[in-house]
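First up is the structure itself, then whatever we jot down about it.
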Amino acid sequence: MFFHECPRCGDASFEVLPTHSHCLSCFYSPEYEDMYDHMKRDYFHLPPFERDRS
């Protein structure tokens, strides 16, 4: 088992396996990054009714 530096958090806990790779500290996985990208974008945005109140 070899650990590398995580591209997201920089910790030396990025495990590279034959089937996938993941970080044990921040749970980053390059295989799933694109799948959840749209969810991260929508999660941090305010809904339209909240934007109109300011």
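We label chains A, B, ... in the order they appear in the structure tokens, count residues from 1 in each chain, and number ligands from 1 in the order shown.
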
Surrounding residues of Val16 in chain A excluding itself and chain neighbours under 2 positions, 10 Å, only C-alpha atoms, as a VMD selection string: chain A and resid 1 to 4 13 to 14 18 to 23 29
